[in-house]
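S.K.: One structure is given below, represented as structure tokens, and several questions about it will come after.
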Amino acid sequence: MDHTKVKPRCPFLMPKNELTQNDFIHFCTSKLGVTPNRILKDILQWLEEDHGSGDPTLFAAMDKNQTAEFYIVAKQDFILSGLHMMQETFYQASGGTIKLYSDCNDGDFIKKGSVVLGGTGSASCILLAERVALNLCSKISGITSKTKTILQEIRKYSSNISLLETRKTTPGLRIYEKYATRIAGARNHRHGLDTGAMLKENHLRAIGSIEESLDNLSKNIPILTKIEIEVTNLTEFRAALKKGADVIMLDNFSEKDVLLAIKEKNKLNQNIKIELSGNLDEKNIEEISKLGVDFLSMGALIHKAIWVDMSLQLYLPH
């Protein structure tokens, strides 16, 4: 009996640079600041979630020795983030047998049609890794791309403002989402509650006094911990300014009040940094970038970012 074989000819060239485990280890320690085991734990959990009790599609008489080559191809222009997460996902799904290649780096501009990552190895292992690898890279590359676009717009009007994200992150993915903004040139705000003291509106409602709150913090926090306080009007700002803090966040201030706050701060204590937050997006970048604040914090860098589009193309050897 004749069988029709689905065997299209590959139109892509394999990237030249082979990725090694040292590349992944360097990514973990030097880019994320954690051990490889910390990241490996996440990847294995994601693979287990996707595989469940096993993929029945692979029962379709696939030869256990069938090898293939694959190419992850950009279907739009974007800024890459998460290359080595994809690398390790394929590596783990294949038991370390797959060969992986890429001529790209995180932070690179990727043009539509470009090959981001390629590899050769077990066809079934490639298919088992495909969705997990693509999901994370597509998600965090979307964050990097959005952050880069906003930062480039800010730089048209100011060379001094630092763009920050917030703690509005996806549970379990914070380390990767914050990395994605950093790769685009933004700076990180707090990684978690333990990386800075920040008095927000609800804290002040519970405690009742800006002055008392700042006094208590100054006496009790570790000496290297910075203090930030969120204020919603000029009265609160002046109380915070008088008591002193490392950063004062102006939440939903009018442009007029922002300028007045900066003027008063410069007279009393130029070392205090001013952060602007609340309803900031691409629509008002020009106006807010010209105000002279030190930091702009935007939760939208993460929670409004759109995944980029990539696909995996698999080919059997001829």
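Residues are referred to by chain and number: the chain letter is A, B, ... according to the order shown in the structure tokens, the number counts from 1 in that chain, and ligands are numbered separately from 1 in the order shown.
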Sorted by chain and rising residue number, list the residues of range 24-132 of chain A at most 10 Å from range 13-20 of chain A (counting only C-alpha atoms), each with its closest atom pair and distance in Å to one decimal, as a Markdown table.
M.R.:
```
| residue | atom | partner | partner_atom | distance |
| --- | --- | --- | --- | --- |
| A:Phe24 | CA | A:Thr20 | CA | 7.0 |
| A:Ile25 | CA | A:Thr20 | CA | 9.0 |
| A:Glu69 | CA | A:Met14 | CA | 8.7 |
| A:Phe70 | CA | A:Met14 | CA | 8.7 |
| A:Tyr71 | CA | A:Met14 | CA | 7.6 |
| A:His84 | CA | A:Leu19 | CA | 8.7 |
| A:Gln87 | CA | A:Leu19 | CA | 7.6 |
| A:Glu88 | CA | A:Thr20 | CA | 9.5 |
| A:Tyr91 | CA | A:Thr20 | CA | 9.7 |
| A:Lys99 | CA | A:Glu18 | CA | 7.4 |
| A:Leu100 | CA | A:Leu19 | CA | 5.5 |
| A:Tyr101 | CA | A:Glu18 | CA | 4.3 |
| A:Ser102 | CA | A:Pro15 | CA | 5.1 |
| A:Asp103 | CA | A:Pro15 | CA | 5.7 |
| A:Cys104 | CA | A:Pro15 | CA | 8.9 |
| A:Ser114 | CA | A:Leu13 | CA | 10.0 |
| A:Val115 | CA | A:Pro15 | CA | 7.4 |
| A:Val116 | CA | A:Pro15 | CA | 8.3 |
| A:Leu117 | CA | A:Pro15 | CA | 7.3 |
| A:Gly118 | CA | A:Met14 | CA | 6.0 |
| A:Gly119 | CA | A:Met14 | CA | 7.6 |
| A:Thr120 | CA | A:Met14 | CA | 9.4 |
```
S.K.: Export, as a PDB file, in the first residue's frame, the selected residues with N, CA, C and O atoms.
M.R.:
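New file result34.pdb:
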```pdb
ATOM      1  N   PHE A  24      23.141  29.055  28.948  1.00  0.00           N
ATOM      2  CA  PHE A  24      21.994  29.086  29.861  1.00  0.00           C
ATOM      3  C   PHE A  24      22.421  29.429  31.280  1.00  0.00           C
ATOM      4  O   PHE A  24      21.772  30.230  31.957  1.00  0.00           O
ATOM      5  N   ILE A  25      23.519  28.842  31.735  1.00  0.00           N
ATOM      6  CA  ILE A  25      24.013  29.130  33.087  1.00  0.00           C
ATOM      7  C   ILE A  25      24.366  30.604  33.224  1.00  0.00           C
ATOM      8  O   ILE A  25      24.031  31.256  34.228  1.00  0.00           O
ATOM      9  N   GLU A  69      14.633  18.658  12.051  1.00  0.00           N
ATOM     10  CA  GLU A  69      15.184  19.979  12.363  1.00  0.00           C
ATOM     11  C   GLU A  69      14.009  20.942  12.465  1.00  0.00           C
ATOM     12  O   GLU A  69      12.967  20.737  11.855  1.00  0.00           O
ATOM     13  N   PHE A  70      14.189  21.960  13.307  1.00  0.00           N
ATOM     14  CA  PHE A  70      13.107  22.922  13.482  1.00  0.00           C
ATOM     15  C   PHE A  70      13.662  24.342  13.459  1.00  0.00           C
ATOM     16  O   PHE A  70      14.853  24.565  13.717  1.00  0.00           O
ATOM     17  N   TYR A  71      12.755  25.250  13.165  1.00  0.00           N
ATOM     18  CA  TYR A  71      13.099  26.675  13.103  1.00  0.00           C
ATOM     19  C   TYR A  71      11.981  27.468  13.769  1.00  0.00           C
ATOM     20  O   TYR A  71      10.810  27.279  13.432  1.00  0.00           O
ATOM     21  N   HIS A  84      17.109  32.139  25.971  1.00  0.00           N
ATOM     22  CA  HIS A  84      17.698  31.026  26.713  1.00  0.00           C
ATOM     23  C   HIS A  84      16.666  30.245  27.516  1.00  0.00           C
ATOM     24  O   HIS A  84      16.926  29.104  27.917  1.00  0.00           O
ATOM     25  N   GLN A  87      15.747  27.846  24.873  1.00  0.00           N
ATOM     26  CA  GLN A  87      16.853  26.902  24.759  1.00  0.00           C
ATOM     27  C   GLN A  87      16.737  25.790  25.796  1.00  0.00           C
ATOM     28  O   GLN A  87      16.801  24.599  25.468  1.00  0.00           O
ATOM     29  N   GLU A  88      16.554  26.162  27.044  1.00  0.00           N
ATOM     30  CA  GLU A  88      16.535  25.163  28.110  1.00  0.00           C
ATOM     31  C   GLU A  88      15.266  24.307  28.065  1.00  0.00           C
ATOM     32  O   GLU A  88      15.294  23.128  28.454  1.00  0.00           O
ATOM     33  N   TYR A  91      16.021  21.686  25.597  1.00  0.00           N
ATOM     34  CA  TYR A  91      17.068  20.836  26.153  1.00  0.00           C
ATOM     35  C   TYR A  91      16.485  19.839  27.151  1.00  0.00           C
ATOM     36  O   TYR A  91      16.785  18.644  27.114  1.00  0.00           O
ATOM     37  N   LYS A  99      20.417  19.523  19.648  1.00  0.00           N
ATOM     38  CA  LYS A  99      21.405  20.542  19.297  1.00  0.00           C
ATOM     39  C   LYS A  99      20.662  21.818  18.931  1.00  0.00           C
ATOM     40  O   LYS A  99      19.718  21.787  18.137  1.00  0.00           O
ATOM     41  N   LEU A 100      21.079  22.944  19.514  1.00  0.00           N
ATOM     42  CA  LEU A 100      20.359  24.201  19.339  1.00  0.00           C
ATOM     43  C   LEU A 100      21.293  25.281  18.812  1.00  0.00           C
ATOM     44  O   LEU A 100      22.474  25.351  19.200  1.00  0.00           O
ATOM     45  N   TYR A 101      20.734  26.154  17.964  1.00  0.00           N
ATOM     46  CA  TYR A 101      21.535  27.177  17.302  1.00  0.00           C
ATOM     47  C   TYR A 101      20.752  28.499  17.240  1.00  0.00           C
ATOM     48  O   TYR A 101      19.545  28.505  17.005  1.00  0.00           O
ATOM     49  N   SER A 102      21.464  29.591  17.433  1.00  0.00           N
ATOM     50  CA  SER A 102      20.850  30.910  17.274  1.00  0.00           C
ATOM     51  C   SER A 102      21.928  31.947  17.017  1.00  0.00           C
ATOM     52  O   SER A 102      23.009  31.908  17.631  1.00  0.00           O
ATOM     53  N   ASP A 103      21.616  32.872  16.143  1.00  0.00           N
ATOM     54  CA  ASP A 103      22.502  34.014  15.890  1.00  0.00           C
ATOM     55  C   ASP A 103      21.954  35.278  16.539  1.00  0.00           C
ATOM     56  O   ASP A 103      22.382  36.391  16.210  1.00  0.00           O
ATOM     57  N   CYS A 104      20.988  35.124  17.443  1.00  0.00           N
ATOM     58  CA  CYS A 104      20.330  36.264  18.094  1.00  0.00           C
ATOM     59  C   CYS A 104      20.725  36.361  19.560  1.00  0.00           C
ATOM     60  O   CYS A 104      21.245  35.410  20.153  1.00  0.00           O
ATOM     61  N   SER A 114      12.622  36.266  10.230  1.00  0.00           N
ATOM     62  CA  SER A 114      13.925  35.829  10.727  1.00  0.00           C
ATOM     63  C   SER A 114      13.798  34.554  11.554  1.00  0.00           C
ATOM     64  O   SER A 114      12.791  34.319  12.223  1.00  0.00           O
ATOM     65  N   VAL A 115      14.854  33.759  11.551  1.00  0.00           N
ATOM     66  CA  VAL A 115      14.930  32.567  12.394  1.00  0.00           C
ATOM     67  C   VAL A 115      15.518  32.980  13.744  1.00  0.00           C
ATOM     68  O   VAL A 115      16.647  33.445  13.823  1.00  0.00           O
ATOM     69  N   VAL A 116      14.745  32.800  14.793  1.00  0.00           N
ATOM     70  CA  VAL A 116      15.178  33.164  16.143  1.00  0.00           C
ATOM     71  C   VAL A 116      16.005  32.047  16.762  1.00  0.00           C
ATOM     72  O   VAL A 116      17.026  32.278  17.398  1.00  0.00           O
ATOM     73  N   LEU A 117      15.552  30.822  16.573  1.00  0.00           N
ATOM     74  CA  LEU A 117      16.209  29.656  17.166  1.00  0.00           C
ATOM     75  C   LEU A 117      15.987  28.468  16.249  1.00  0.00           C
ATOM     76  O   LEU A 117      14.897  28.304  15.682  1.00  0.00           O
ATOM     77  N   GLY A 118      17.004  27.652  16.072  1.00  0.00           N
ATOM     78  CA  GLY A 118      16.876  26.434  15.295  1.00  0.00           C
ATOM     79  C   GLY A 118      17.488  25.274  16.051  1.00  0.00           C
ATOM     80  O   GLY A 118      18.220  25.467  17.027  1.00  0.00           O
ATOM     81  N   GLY A 119      17.184  24.057  15.591  1.00  0.00           N
ATOM     82  CA  GLY A 119      17.752  22.906  16.270  1.00  0.00           C
ATOM     83  C   GLY A 119      17.526  21.627  15.516  1.00  0.00           C
ATOM     84  O   GLY A 119      16.724  21.564  14.578  1.00  0.00           O
ATOM     85  N   THR A 120      18.245  20.596  15.931  1.00  0.00           N
ATOM     86  CA  THR A 120      18.089  19.268  15.368  1.00  0.00           C
ATOM     87  C   THR A 120      18.042  18.259  16.502  1.00  0.00           C
ATOM     88  O   THR A 120      18.764  18.380  17.493  1.00  0.00           O
TER      89      THR A 120
END
```
S.K.: Which residues, written as a short mmCIF file (atom, residue, chain, number, x, y, z; two decimals) with all heavy atoms, in the first residue's frame, have at least one atom at most 7 Å from Ile302 in chain A, with only C-alpha atoms counted and residues fewer than 2 positions away on the same chain left out?
M.R.:
```
data_model
loop_
_atom_site.label_atom_id
_atom_site.label_comp_id
_atom_site.auth_asym_id
_atom_site.auth_seq_id
_atom_site.Cartn_x
_atom_site.Cartn_y
_atom_site.Cartn_z
N ILE A 143 6.52 42.12 26.19
CA ILE A 143 6.82 43.11 27.24
C ILE A 143 8.04 43.94 26.86
O ILE A 143 8.05 45.17 26.98
CB ILE A 143 7.03 42.40 28.59
CG1 ILE A 143 5.73 41.75 29.06
CG2 ILE A 143 7.54 43.38 29.64
CD1 ILE A 143 5.90 40.82 30.25
N THR A 169 2.46 42.14 38.14
CA THR A 169 3.06 41.08 37.33
C THR A 169 2.22 39.81 37.45
O THR A 169 1.38 39.68 38.33
CB THR A 169 4.49 40.79 37.82
OG1 THR A 169 4.45 40.45 39.22
CG2 THR A 169 5.39 42.01 37.63
N GLU A 177 9.23 38.66 33.76
CA GLU A 177 8.59 39.89 33.26
C GLU A 177 9.42 41.11 33.61
O GLU A 177 9.55 42.03 32.79
CB GLU A 177 7.18 39.98 33.83
CG GLU A 177 6.25 38.92 33.26
CD GLU A 177 4.86 38.93 33.87
OE1 GLU A 177 4.70 39.41 35.02
OE2 GLU A 177 3.91 38.46 33.21
N GLY A 299 2.64 50.34 35.20
CA GLY A 299 2.24 48.95 35.25
C GLY A 299 1.89 48.42 33.87
O GLY A 299 2.00 47.22 33.60
N ALA A 300 1.50 49.32 32.97
CA ALA A 300 1.09 48.92 31.62
C ALA A 300 2.22 48.28 30.82
O ALA A 300 1.96 47.57 29.84
CB ALA A 300 0.55 50.14 30.87
N LYS A 304 -0.33 45.37 30.03
CA LYS A 304 -0.97 45.71 28.76
C LYS A 304 -0.13 45.33 27.55
O LYS A 304 -0.49 45.68 26.42
CB LYS A 304 -1.31 47.21 28.72
CG LYS A 304 -2.45 47.60 29.65
CD LYS A 304 -2.90 49.02 29.41
CE LYS A 304 -4.10 49.38 30.29
NZ LYS A 304 -4.56 50.77 30.07
N ALA A 305 0.95 44.61 27.78
CA ALA A 305 1.78 44.17 26.66
C ALA A 305 1.09 43.03 25.91
O ALA A 305 0.41 42.20 26.52
CB ALA A 305 3.15 43.71 27.17
#
```
S.K.: Go through A:Pro171, A:Glu236, A:Gly113, A:Gly52 one by one, measure the shortest atom-to-atom distance of each to Pro11 in chain A using only C-alpha atoms, and give the residue with the smallest value.
M.R.: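 Residue with the minimum atom-to-atom distance to Pro11 in chain A: A:Gly113.
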S.K.: Could you pull out the residues in range 43-276 of chain A that DSSP calls strand (DSSP E or B) from the backbone, as a ChimeraX atom specification?
M.R.: /A:67-74,78-79,99-101,109-110,115-122,162-164,187,197-199,227-231,247-251,273-276
S.K.: Skipping near chain neighbours, those fewer than 4 positions away, what residues fall within 10 Å of Ser277 in chain A using only C-alpha atoms, listed as a PyMOL selection string?
M.R.: chain A and resi 164+166+230+249-253+295-299
S.K.: Which residues are near Ile39 in chain A? Cut-off 9 Å, only C-alpha atoms, ignore same chain within fewer than 5 positions. Put them as an MDAnalysis selection string.
M.R.: chainID A and resid 28 34 44 85
S.K.: Kindly indicate which residue among A:Gly196, A:Gly244, A:Gly208, A:Gly107 lies nearest to Pro222 in chain A, using only C-alpha atoms for the distances.
M.R.: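 The shortest atom-to-atom distance to Pro222 in chain A comes from A:Gly196.
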